[in-house]
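Listing of coords.cif, mmCIF, C-alpha atoms
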```cif
data_protein
#
loop_
_atom_site.label_atom_id
_atom_site.label_comp_id
_atom_site.auth_asym_id
_atom_site.auth_seq_id
_atom_site.Cartn_x
_atom_site.Cartn_y
_atom_site.Cartn_z
CA MET A 147 106.10 101.57 110.46
CA HIS A 148 108.42 98.68 109.68
CA ALA A 149 111.90 97.53 110.56
CA HIS A 150 113.30 96.41 107.19
CA PRO A 151 112.36 96.42 103.50
CA ASP A 152 110.10 93.38 102.85
CA ASP A 153 108.39 93.49 106.27
CA GLU A 154 105.73 95.84 104.92
CA SER A 155 104.81 93.56 102.00
CA ILE A 156 104.68 90.40 104.12
CA ASN A 157 102.63 91.93 106.94
CA ASN A 158 100.52 94.64 105.32
CA GLY A 159 100.85 94.37 101.54
CA ALA A 160 97.18 93.68 100.85
CA THR A 161 96.04 96.37 103.29
CA MET A 162 98.36 98.96 101.77
CA ALA A 163 97.31 98.08 98.22
CA ARG A 164 93.62 98.21 99.09
CA TYR A 165 93.69 101.54 100.88
CA ALA A 166 95.91 103.09 98.21
CA ALA A 167 93.51 101.91 95.51
CA GLU A 168 90.54 103.31 97.44
CA GLY A 169 92.09 106.77 97.69
CA ALA A 170 93.64 106.78 101.14
CA GLN A 171 97.00 108.39 101.76
CA VAL A 172 99.33 105.51 102.64
CA THR A 173 102.74 106.39 104.09
CA LEU A 174 105.40 103.78 104.81
CA VAL A 175 108.26 104.50 107.20
CA THR A 176 111.04 101.90 107.21
CA CYS A 177 113.63 102.03 109.97
CA THR A 178 116.64 100.39 108.31
CA LEU A 179 117.74 99.08 104.93
CA GLY A 180 118.21 95.54 106.23
CA GLU A 181 121.95 95.56 105.61
CA ARG A 182 122.43 92.31 107.55
CA GLY A 183 119.78 90.25 105.80
CA GLU A 184 120.59 86.86 104.31
CA VAL A 185 120.56 86.83 100.50
CA ILE A 186 118.68 84.08 98.64
CA PRO A 187 119.75 84.25 94.96
CA PRO A 188 123.27 82.86 94.48
CA GLY A 189 123.96 85.51 91.88
CA LEU A 190 123.48 88.21 94.51
CA ALA A 191 125.31 86.48 97.34
CA HIS A 192 128.17 88.97 97.05
CA LEU A 193 125.91 91.75 98.37
CA THR A 194 126.62 92.60 102.01
CA GLY A 195 126.48 95.63 104.26
CA ALA A 196 125.90 98.98 102.57
CA ALA A 197 125.80 97.41 99.09
CA LEU A 198 123.01 95.09 100.18
CA GLY A 199 121.20 97.97 101.84
CA GLU A 200 121.27 100.02 98.65
CA TYR A 201 120.04 97.04 96.63
CA ARG A 202 117.19 96.46 99.09
CA ARG A 203 116.30 100.12 98.84
CA ARG A 204 115.68 99.61 95.13
CA GLU A 205 113.69 96.47 95.89
CA LEU A 206 111.53 98.51 98.26
CA ALA A 207 110.81 101.07 95.54
CA ALA A 208 109.79 98.27 93.16
CA ALA A 209 107.53 96.73 95.82
CA MET A 210 105.81 100.05 96.43
CA ARG A 211 105.10 100.38 92.73
CA GLU A 212 103.32 97.03 92.87
CA LEU A 213 101.21 98.21 95.82
CA GLY A 214 100.50 101.65 94.37
CA VAL A 215 102.06 103.42 97.37
CA GLU A 216 103.74 106.71 96.53
CA ASP A 217 104.97 107.90 99.92
CA PHE A 218 107.70 105.76 101.47
CA ARG A 219 110.62 106.94 103.54
CA LEU A 220 113.47 105.86 105.76
CA LEU A 221 113.31 106.88 109.41
CA GLY A 222 115.60 109.87 109.83
CA GLY A 223 116.80 109.60 106.22
CA ALA A 224 118.91 107.07 104.37
CA GLY A 225 121.57 105.44 106.52
CA ARG A 226 120.46 106.98 109.80
CA TYR A 227 119.87 103.58 111.43
CA ARG A 228 121.45 100.27 110.47
CA ASP A 229 120.12 96.73 110.70
CA SER A 230 120.81 95.22 114.15
CA GLY A 231 120.96 91.57 113.08
CA MET A 232 119.23 88.76 114.94
CA MET A 233 118.87 88.91 118.71
CA GLY A 234 121.94 87.89 120.68
CA LEU A 235 124.50 88.45 117.91
CA PRO A 236 127.45 90.88 118.22
CA ASP A 237 125.74 93.01 115.55
CA ASN A 238 123.36 94.16 118.29
CA ASP A 239 126.24 96.17 119.82
CA ASP A 240 126.87 98.29 116.71
CA PRO A 241 126.45 101.92 117.94
CA GLY A 242 124.76 102.85 114.67
CA CYS A 243 122.20 100.06 114.64
CA LEU A 244 118.53 100.58 115.44
CA TRP A 245 118.73 98.47 118.61
CA GLN A 246 121.18 100.99 120.09
CA ALA A 247 119.17 104.04 118.99
CA ASP A 248 117.79 106.50 121.51
CA VAL A 249 114.03 105.90 121.38
CA ASP A 250 113.09 109.53 122.00
CA GLU A 251 115.43 110.72 119.27
CA ALA A 252 114.14 108.17 116.78
CA ALA A 253 110.53 108.93 117.75
CA ALA A 254 111.18 112.60 117.02
CA HIS A 255 112.03 111.64 113.43
CA LEU A 256 108.74 109.77 113.14
CA LEU A 257 106.88 112.68 114.72
CA GLU A 258 108.09 114.88 111.85
CA VAL A 259 106.36 112.54 109.41
CA ILE A 260 103.22 112.46 111.56
CA ARG A 261 103.09 116.26 111.63
CA GLU A 262 103.27 116.34 107.85
CA VAL A 263 100.85 113.61 106.81
CA ARG A 264 98.51 113.70 109.87
CA PRO A 265 97.60 109.99 109.78
CA GLN A 266 94.37 108.66 111.23
CA VAL A 267 95.94 105.24 111.74
CA LEU A 268 99.39 104.00 112.72
CA VAL A 269 100.28 100.32 112.22
CA THR A 270 103.27 98.72 113.92
CA TYR A 271 104.39 95.55 115.71
CA ASP A 272 103.38 94.29 119.14
CA PRO A 273 105.78 94.80 122.09
CA GLY A 274 107.67 91.61 121.20
CA GLY A 275 108.19 92.75 117.62
CA GLY A 276 106.10 89.88 116.30
CA TYR A 277 108.89 87.32 116.65
CA GLY A 278 111.57 88.87 118.83
CA HIS A 279 113.86 90.54 116.28
CA PRO A 280 115.57 93.51 117.97
CA ASP A 281 114.73 95.91 115.13
CA HIS A 282 111.06 94.92 115.27
CA ILE A 283 110.98 95.42 119.04
CA GLN A 284 112.66 98.79 118.69
CA ALA A 285 110.32 99.80 115.85
CA HIS A 286 107.39 99.09 118.19
CA ARG A 287 108.92 101.25 120.93
CA ILE A 288 109.63 104.10 118.53
CA ALA A 289 106.16 104.00 116.99
CA MET A 290 104.36 103.95 120.31
CA ARG A 291 106.55 106.74 121.69
CA ALA A 292 105.93 108.84 118.58
CA ALA A 293 102.18 108.28 118.93
CA GLY A 294 102.40 109.60 122.47
CA LEU A 295 104.45 112.61 121.39
CA ALA A 296 101.96 113.31 118.60
CA ALA A 297 99.10 113.39 121.11
CA GLU A 298 101.05 115.81 123.30
CA ALA A 299 101.74 118.01 120.26
CA GLY A 300 98.07 118.19 119.29
CA VAL A 301 98.43 115.97 116.21
CA GLY A 302 97.18 112.78 117.82
CA ILE A 303 96.51 109.59 115.87
CA ALA A 304 93.00 108.20 116.23
CA LYS A 305 93.96 104.52 116.17
CA VAL A 306 97.14 102.50 116.66
CA TYR A 307 97.11 98.89 115.47
CA TRP A 308 99.50 96.00 115.97
CA ASN A 309 100.09 93.41 113.25
CA ARG A 310 98.47 90.10 114.18
CA VAL A 311 97.49 86.69 112.78
CA PRO A 312 94.65 84.75 114.47
CA ARG A 313 95.80 81.34 115.59
CA ALA A 314 92.86 79.47 114.01
CA VAL A 315 93.49 81.11 110.62
CA ALA A 316 97.19 80.29 110.77
CA GLU A 317 96.51 76.67 111.74
CA GLU A 318 94.08 76.24 108.85
CA ALA A 319 96.59 77.77 106.44
CA PHE A 320 99.38 75.44 107.61
CA ALA A 321 97.07 72.47 107.20
CA ARG A 322 96.54 73.43 103.56
CA LEU A 323 100.28 73.99 103.19
CA ALA A 324 101.01 70.47 104.42
CA GLU A 325 98.82 69.07 101.62
CA ALA A 326 100.42 71.29 98.97
CA LEU A 327 104.03 70.92 100.13
CA PRO A 328 104.98 67.91 97.95
CA GLY A 329 104.28 70.01 94.87
CA LEU A 330 106.30 73.02 96.02
CA ALA A 331 109.97 73.69 95.35
CA PHE A 332 110.73 74.53 98.97
CA ALA A 333 112.87 72.47 101.35
CA GLY A 334 110.10 72.00 103.88
CA SER A 335 107.44 73.76 105.90
CA ALA A 336 107.83 76.47 108.50
CA VAL A 337 105.94 76.04 111.76
CA LEU A 338 103.31 78.18 113.42
CA GLY A 339 105.93 79.80 115.65
CA ASP A 340 107.71 81.20 112.60
CA VAL A 341 104.75 83.46 111.78
CA PRO A 342 105.01 86.85 113.51
CA GLY A 343 102.18 88.06 115.71
CA VAL A 344 100.10 84.87 116.05
CA VAL A 345 97.59 85.27 118.91
CA ASP A 346 94.30 83.81 120.07
CA ASP A 347 91.44 84.80 117.81
CA ALA A 348 89.71 86.79 120.54
CA ARG A 349 92.44 89.47 120.41
CA ILE A 350 91.79 90.28 116.76
CA THR A 351 89.78 93.49 116.40
CA THR A 352 90.17 94.22 112.70
CA GLU A 353 90.60 92.26 109.50
CA ILE A 354 91.14 93.66 106.03
CA ASP A 355 89.91 91.45 103.21
CA GLY A 356 92.60 91.97 100.60
CA THR A 357 91.80 88.99 98.37
CA ALA A 358 91.31 91.35 95.42
CA TYR A 359 94.87 92.57 96.03
CA ALA A 360 96.51 89.20 96.67
CA ALA A 361 98.35 89.38 93.34
CA ALA A 362 99.66 92.86 94.15
CA LYS A 363 100.87 91.66 97.54
CA ALA A 364 102.58 88.64 96.01
CA ALA A 365 104.24 90.82 93.37
CA ALA A 366 105.45 93.24 96.04
CA MET A 367 106.89 90.36 98.06
CA ALA A 368 108.57 88.95 94.94
CA ALA A 369 110.15 92.37 94.33
CA HIS A 370 112.17 91.74 97.50
CA ALA A 371 114.02 89.02 95.65
CA THR A 372 117.06 89.00 97.92
CA GLN A 373 114.85 88.03 100.86
CA ILE A 374 111.73 86.25 99.61
CA GLU A 375 110.85 83.51 97.15
CA VAL A 376 107.15 83.47 96.23
CA ALA A 377 105.06 80.56 94.94
CA GLU A 378 101.49 81.76 95.44
CA PRO A 379 99.80 81.27 97.85
CA TYR A 380 103.01 80.44 99.70
CA PHE A 381 106.45 81.94 100.13
CA ALA A 382 109.75 81.20 101.81
CA LEU A 383 112.54 83.26 103.34
CA SER A 384 116.23 82.37 103.20
CA ASN A 385 115.63 79.19 105.24
CA GLN A 386 113.62 77.78 102.31
CA LEU A 387 110.75 76.80 104.61
CA ALA A 388 107.33 77.49 103.12
CA GLN A 389 104.82 79.77 104.85
CA PRO A 390 101.27 80.79 103.94
CA LEU A 391 100.82 84.10 102.14
CA PHE A 392 97.85 85.76 103.85
CA ALA A 393 95.63 87.84 101.55
CA THR A 394 93.38 88.80 104.46
CA GLU A 395 95.38 90.70 107.07
CA TYR A 396 94.60 91.01 110.74
CA TYR A 397 95.17 93.59 113.45
CA GLU A 398 94.73 94.28 117.13
CA LEU A 399 93.61 97.76 118.11
CA ALA A 400 96.13 98.91 120.71
CA ARG A 401 94.96 102.51 121.12
CA GLY A 402 91.76 104.21 120.08
CA GLU A 403 88.04 103.54 120.14
CA ARG A 404 86.71 100.26 118.82
CA GLY A 405 83.81 100.15 116.39
CA ALA A 406 80.39 98.81 117.37
CA PRO A 407 80.34 94.98 117.32
CA GLY A 408 78.61 93.42 114.35
CA VAL A 409 77.68 96.75 112.69
CA PRO A 410 79.01 97.12 109.14
CA ARG A 411 80.66 100.48 108.60
CA ARG A 412 81.25 102.16 105.28
CA ARG A 413 83.51 105.09 104.52
CA PRO A 414 81.48 107.99 103.08
CA GLY A 415 82.46 108.90 99.56
CA ALA A 416 84.92 106.02 99.16
CA GLY A 417 82.65 103.11 98.25
CA ASP A 418 82.41 100.04 100.41
CA GLY A 419 84.67 99.88 103.43
CA PRO A 420 87.02 96.93 103.88
CA VAL A 421 85.03 93.71 104.13
CA ARG A 422 84.53 92.26 107.60
CA ARG A 423 83.92 88.57 107.95
CA ASP A 424 82.36 88.09 111.36
CA ARG A 425 83.09 84.57 112.55
CA GLY A 426 80.80 84.25 115.52
CA ALA A 427 81.45 85.68 118.96
CA VAL A 428 85.18 85.16 118.73
CA MET A 429 85.67 87.73 115.97
CA SER A 430 82.51 89.80 116.04
CA ASP A 431 84.09 93.22 116.57
CA ARG A 432 85.62 93.66 113.15
CA GLN A 433 85.90 97.22 111.85
CA PRO A 434 87.46 99.24 109.05
CA MET A 435 90.74 100.86 110.01
CA LEU A 436 89.63 104.27 108.74
CA ALA A 437 86.30 106.02 109.09
CA ARG A 438 87.26 108.21 106.13
CA PRO A 439 90.51 108.10 104.16
CA PRO A 440 90.90 111.38 102.30
CA ARG A 441 94.21 112.15 100.69
CA ARG A 442 95.77 114.98 102.62
CA PRO A 443 97.58 117.53 100.47
CA SER A 444 101.19 117.97 101.52
CA ALA A 445 101.87 121.40 103.01
CA GLY A 446 105.41 121.16 101.67
CA ARG A 447 104.18 120.51 98.14
CA ALA A 448 101.76 123.45 98.34
CA ALA A 449 104.55 125.73 99.51
CA SER A 450 106.76 124.53 96.65
CA CYS A 451 104.04 125.29 94.11
CA ALA A 452 103.54 128.77 95.58
CA GLY A 453 107.27 129.43 95.32
CA LEU A 454 107.35 128.17 91.74
CA PHE A 455 104.42 130.44 90.86
CA LEU A 456 106.43 133.41 92.08
CA LEU A 457 109.48 132.14 90.19
CA GLY A 458 107.39 131.96 87.00
CA LEU A 459 106.22 135.51 87.64
CA VAL A 460 109.80 136.75 87.93
CA VAL A 461 111.04 134.75 84.93
CA GLY A 462 108.15 136.00 82.82
CA GLY A 463 108.87 139.63 83.66
CA ALA A 464 112.63 139.31 83.30
CA GLY A 465 112.23 137.52 79.99
CA ALA A 466 110.12 140.38 78.65
CA LEU A 467 112.89 142.86 79.44
CA VAL A 468 115.69 140.66 78.09
CA GLN A 469 114.01 139.87 74.77
CA GLY A 470 113.25 143.53 74.23
CA ALA A 471 116.83 144.64 74.89
CA TRP A 472 118.58 142.06 72.70
CA PHE A 473 117.04 140.39 69.68
CA PRO A 474 117.18 137.57 68.72
CA GLY A 475 119.61 136.35 71.40
CA GLY A 476 117.51 137.82 74.19
CA LEU A 477 114.43 136.03 72.88
CA LEU A 478 116.19 132.67 72.89
CA LEU A 479 117.57 133.32 76.37
CA ALA A 480 114.13 134.32 77.67
CA LEU A 481 112.49 131.20 76.24
CA ALA A 482 115.26 128.99 77.65
CA GLY A 483 114.73 130.60 81.06
CA ALA A 484 111.00 129.91 80.85
CA ALA A 485 111.61 126.26 79.92
CA GLY A 486 114.08 125.91 82.79
CA ALA A 487 111.58 127.33 85.27
CA PHE A 488 108.79 125.08 84.06
CA LEU A 489 110.83 121.88 84.00
CA GLY A 490 112.55 122.80 87.25
CA GLY A 491 109.13 123.08 88.83
CA ALA A 492 108.26 119.61 87.59
CA TRP A 493 111.49 118.24 89.05
CA ALA A 494 111.06 120.03 92.40
CA THR A 495 107.57 118.64 92.99
CA ARG A 496 108.08 115.34 91.16
CA GLY A 497 105.04 116.02 89.02
CA ARG A 498 103.09 118.39 86.82
CA GLY A 499 101.91 120.54 89.72
CA GLY A 500 105.17 122.48 89.87
CA ALA A 501 105.30 122.93 86.11
CA VAL A 502 101.73 124.21 86.03
CA ALA A 503 102.45 126.62 88.91
CA GLY A 504 105.45 128.03 87.06
CA VAL A 505 103.46 128.36 83.84
CA ALA A 506 100.68 130.22 85.68
CA GLY A 507 103.17 132.71 87.14
CA TRP A 508 104.82 133.26 83.77
CA MET A 509 101.49 133.81 82.03
CA LEU A 510 100.38 136.31 84.65
CA ALA A 511 103.58 138.30 84.18
CA VAL A 512 103.17 138.34 80.40
CA ILE A 513 99.52 139.37 80.65
CA LEU A 514 100.33 142.22 83.04
CA LEU A 515 103.22 143.46 80.91
CA THR A 516 101.21 143.38 77.69
CA ALA A 517 98.20 145.16 79.14
CA SER A 518 97.19 147.85 76.63
CA ARG A 519 97.40 151.42 77.89
CA PRO A 520 96.63 154.75 76.12
CA GLU A 521 100.34 155.56 75.97
CA GLY A 522 101.31 152.08 74.76
CA ASP A 523 102.12 148.70 76.22
CA PHE A 524 103.96 148.72 79.55
CA LEU A 525 107.58 147.49 79.15
CA PHE A 526 106.57 145.42 76.16
CA ALA A 527 106.97 147.22 72.87
CA ALA A 528 104.98 145.77 70.00
CA GLY A 529 107.15 143.98 67.49
CA VAL A 530 108.31 140.66 66.15
CA GLY A 531 110.35 139.88 69.29
CA SER A 532 107.48 140.65 71.62
CA TYR A 533 104.97 138.50 69.80
CA ALA A 534 107.52 135.73 69.35
CA TYR A 535 108.13 135.79 73.11
CA LEU A 536 104.41 135.74 73.85
CA LEU A 537 103.53 132.92 71.47
CA GLY A 538 106.82 131.05 71.89
CA GLY A 539 106.52 131.16 75.65
CA MET A 540 103.02 129.74 75.47
CA ALA A 541 104.26 126.92 73.26
CA VAL A 542 107.15 126.20 75.63
CA ALA A 543 104.72 126.21 78.57
CA VAL A 544 102.39 123.71 76.90
CA ILE A 545 105.27 121.43 75.86
CA CYS A 546 106.90 121.47 79.31
CA ALA A 547 103.64 120.88 81.17
CA THR A 548 102.86 117.98 78.83
CA LEU A 549 106.29 116.41 79.12
CA ALA A 550 106.44 116.80 82.90
CA PRO A 551 105.89 113.38 84.48
CA ALA A 552 102.99 112.68 86.80
CA ARG A 553 104.11 111.77 90.33
CA GLN A 554 105.41 108.21 90.34
CA PRO A 555 105.56 105.70 93.17
CA GLY A 556 108.76 106.22 95.06
CA ASP A 557 109.29 109.86 94.09
CA ARG A 558 108.57 111.03 97.63
CA SER A 559 111.07 108.55 98.98
CA ALA A 560 113.74 109.64 96.58
CA ARG A 561 113.28 113.21 97.69
CA ARG A 562 113.50 112.24 101.34
CA GLY A 563 116.24 109.68 101.11
CA ALA A 564 114.13 106.55 101.49
#
```
Show the structure stored in the file as structure tokens.
Amino acid sequence: MHAHPDDESINNGATMARYAAEGAQVTLVTCTLGERGEVIPPGLAHLTGAALGEYRRRELAAAMRELGVEDFRLLGGAGRYRDSGMMGLPDNDDPGCLWQADVDEAAAHLLEVIREVRPQVLVTYDPGGGYGHPDHIQAHRIAMRAAGLAAEAGVGIAKVYWNRVPRAVAEEAFARLAEALPGLAFAGSAVLGDVPGVVDDARITTEIDGTAYAAAKAAAMAAHATQIEVAEPYFALSNQLAQPLFATEYYELARGERGAPGVPRRRPGAGDGPVRRDRGAVMSDRQPMLARPPRRPSAGRAASCAGLFLLGLVVGGAGALVQGAWFPGGLLLALAGAAGAFLGGAWATRGRGGAVAGVAGWMLAVILLTASRPEGDFLFAAGVGSYAYLLGGMAVAVICATLAPARQPGDRSARRGA
């Protein structure tokens, strides 16, 4: 759960990439499009308001492709909540901004997502939003309220984490930055207080070693080109002050049961769990976020496939009647209808699943209508048209199922207005 596009890549990019690569269902919910963000590239400086928001929406899709995350959405749909600007500005009074949103109403939108994907883990900001931005504070309130509503609705989330950075790690990283700064193209160095969520090391319960996914995180951050300039292992925002890019990401367990201190835990069936680097008594209670991260099939997608199977059944039967009544025009119409059903299924489910479901329904109809009986075939007279429909339909089915695209990162968001 994040406030603006780019927050997810900065805070959780390595974690998201790692869990996505290991087979976990990763869902990103972004509250606003960041319409009031400051733009870095001079060539894009003309982008403001809704135009900037739409551009950042495309940047978000590109970032998710880098992380391998397919499911990303906007809270309540595109344009439901606007960027509130920095704390204390008149932008905070915009009735449509997130800061002015009713928390219960916004949490209800998040609860809809929770009901669908049934997450084991929810990650959000601490009560101060990490660094005091009104949208980050409000995102925390909405996420925590939604977690409570989910528990009341019987779809509780096992663990809720807050984004954190241990103070000792941040200090070490800034020390390295000070040495590297003369060779960087940034105006200067940020300070420790510019890093969101820095706390004493003792508060850190979980760390995800994402060093294998550092490049993916950096690429995702670079995709947010209006907001971030990356020079690995550092980056800068619009103030041109360099900050460390953390490949290992840290969390504080806010709700849920902590793992046993010092006991490595692995996720059955998913290979090694995220690496824990115990650093003495201060950070000895490190644990994987998930005990098991299976991908959960979407109930909505399953319902769509069932509907497309029935559509294929109907199209197959109707095509048999049409081709028999009018040849050759009926044959061409029947095959066009079959192709439309198959490709429409692919479009509806953003993948081959819908196409395959439609093909299966069509084939079943054809098989039933060509079943041999003592008195002859049922509704399917033998002849050139019938065999052309049977074989031509099979060819169309194979071609459409082959051409149908596999689900791509961002397809879910496009369907849901993210």
Distance query A:Pro187 at most 10 Å, all atoms listed in the file, self and fewer than 6 positions along chain excluded, as a VMD selection string: chain A and resid 371 to 375 384
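Excluding A:Gln284 and any residue on its chain fewer than 6 positions from it, the residues at most 8 Å away by all atoms listed in the file are Leu244, Trp245, Val249 and Gly275 of chain A.
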Limited to C-alpha atoms, could you put the picked residues into a file as an mmCIF file, in the coordinates of the input?
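As written to disk, again02.cif reads:
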```cif
data_model
loop_
_atom_site.group_PDB
_atom_site.id
_atom_site.type_symbol
_atom_site.label_atom_id
_atom_site.label_comp_id
_atom_site.auth_asym_id
_atom_site.auth_seq_id
_atom_site.Cartn_x
_atom_site.Cartn_y
_atom_site.Cartn_z
ATOM 1 C CA LEU A 244 118.530 100.580 115.440
ATOM 2 C CA TRP A 245 118.730 98.470 118.610
ATOM 3 C CA VAL A 249 114.030 105.900 121.380
ATOM 4 C CA GLY A 275 108.190 92.750 117.620
#
```
Expected selection from the PyMOL selection byres ((chain A and resi 392) around 12), given as an MDAnalysis selection string: chainID A and resid 155:161 310:312 315:316 318:320 341 353:357 359:361 363:364 367 378:381 389:391 393:396
For atom CA of A:Gly343 and atom CA of A:Gly276, the interatomic separation in Å (one decimal): 4.4 Å
A:Ile283 environment, 12 Å, all atoms listed in the file, sequence neighbours closer than 6 positions dropped, as a PDB file with C-alpha atoms, keeping the file's coordinate frame:
```pdb
ATOM      1  CA  MET A 147     106.100 101.570 110.460  1.00  0.00           C
ATOM      2  CA  HIS A 148     108.420  98.680 109.680  1.00  0.00           C
ATOM      3  CA  ALA A 149     111.900  97.530 110.560  1.00  0.00           C
ATOM      4  CA  CYS A 177     113.630 102.030 109.970  1.00  0.00           C
ATOM      5  CA  SER A 230     120.810  95.220 114.150  1.00  0.00           C
ATOM      6  CA  MET A 232     119.230  88.760 114.940  1.00  0.00           C
ATOM      7  CA  MET A 233     118.870  88.910 118.710  1.00  0.00           C
ATOM      8  CA  LEU A 244     118.530 100.580 115.440  1.00  0.00           C
ATOM      9  CA  TRP A 245     118.730  98.470 118.610  1.00  0.00           C
ATOM     10  CA  GLN A 246     121.180 100.990 120.090  1.00  0.00           C
ATOM     11  CA  ALA A 247     119.170 104.040 118.990  1.00  0.00           C
ATOM     12  CA  VAL A 249     114.030 105.900 121.380  1.00  0.00           C
ATOM     13  CA  THR A 270     103.270  98.720 113.920  1.00  0.00           C
ATOM     14  CA  TYR A 271     104.390  95.550 115.710  1.00  0.00           C
ATOM     15  CA  ASP A 272     103.380  94.290 119.140  1.00  0.00           C
ATOM     16  CA  PRO A 273     105.780  94.800 122.090  1.00  0.00           C
ATOM     17  CA  GLY A 274     107.670  91.610 121.200  1.00  0.00           C
ATOM     18  CA  GLY A 275     108.190  92.750 117.620  1.00  0.00           C
ATOM     19  CA  GLY A 276     106.100  89.880 116.300  1.00  0.00           C
ATOM     20  CA  TYR A 277     108.890  87.320 116.650  1.00  0.00           C
ATOM     21  CA  ALA A 289     106.160 104.000 116.990  1.00  0.00           C
ATOM     22  CA  MET A 290     104.360 103.950 120.310  1.00  0.00           C
ATOM     23  CA  TRP A 308      99.500  96.000 115.970  1.00  0.00           C
ATOM     24  CA  PRO A 342     105.010  86.850 113.510  1.00  0.00           C
ATOM     25  CA  GLY A 343     102.180  88.060 115.710  1.00  0.00           C
TER      26      GLY A 343
END
```
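In this structure, atom CA of A:Gly486 sits 10.0 Å away from atom CA of A:Val542.
Our summary of the geometry notes that atom CA of A:Gln266 is positioned 5.2 Å from atom CA of A:Ala304.
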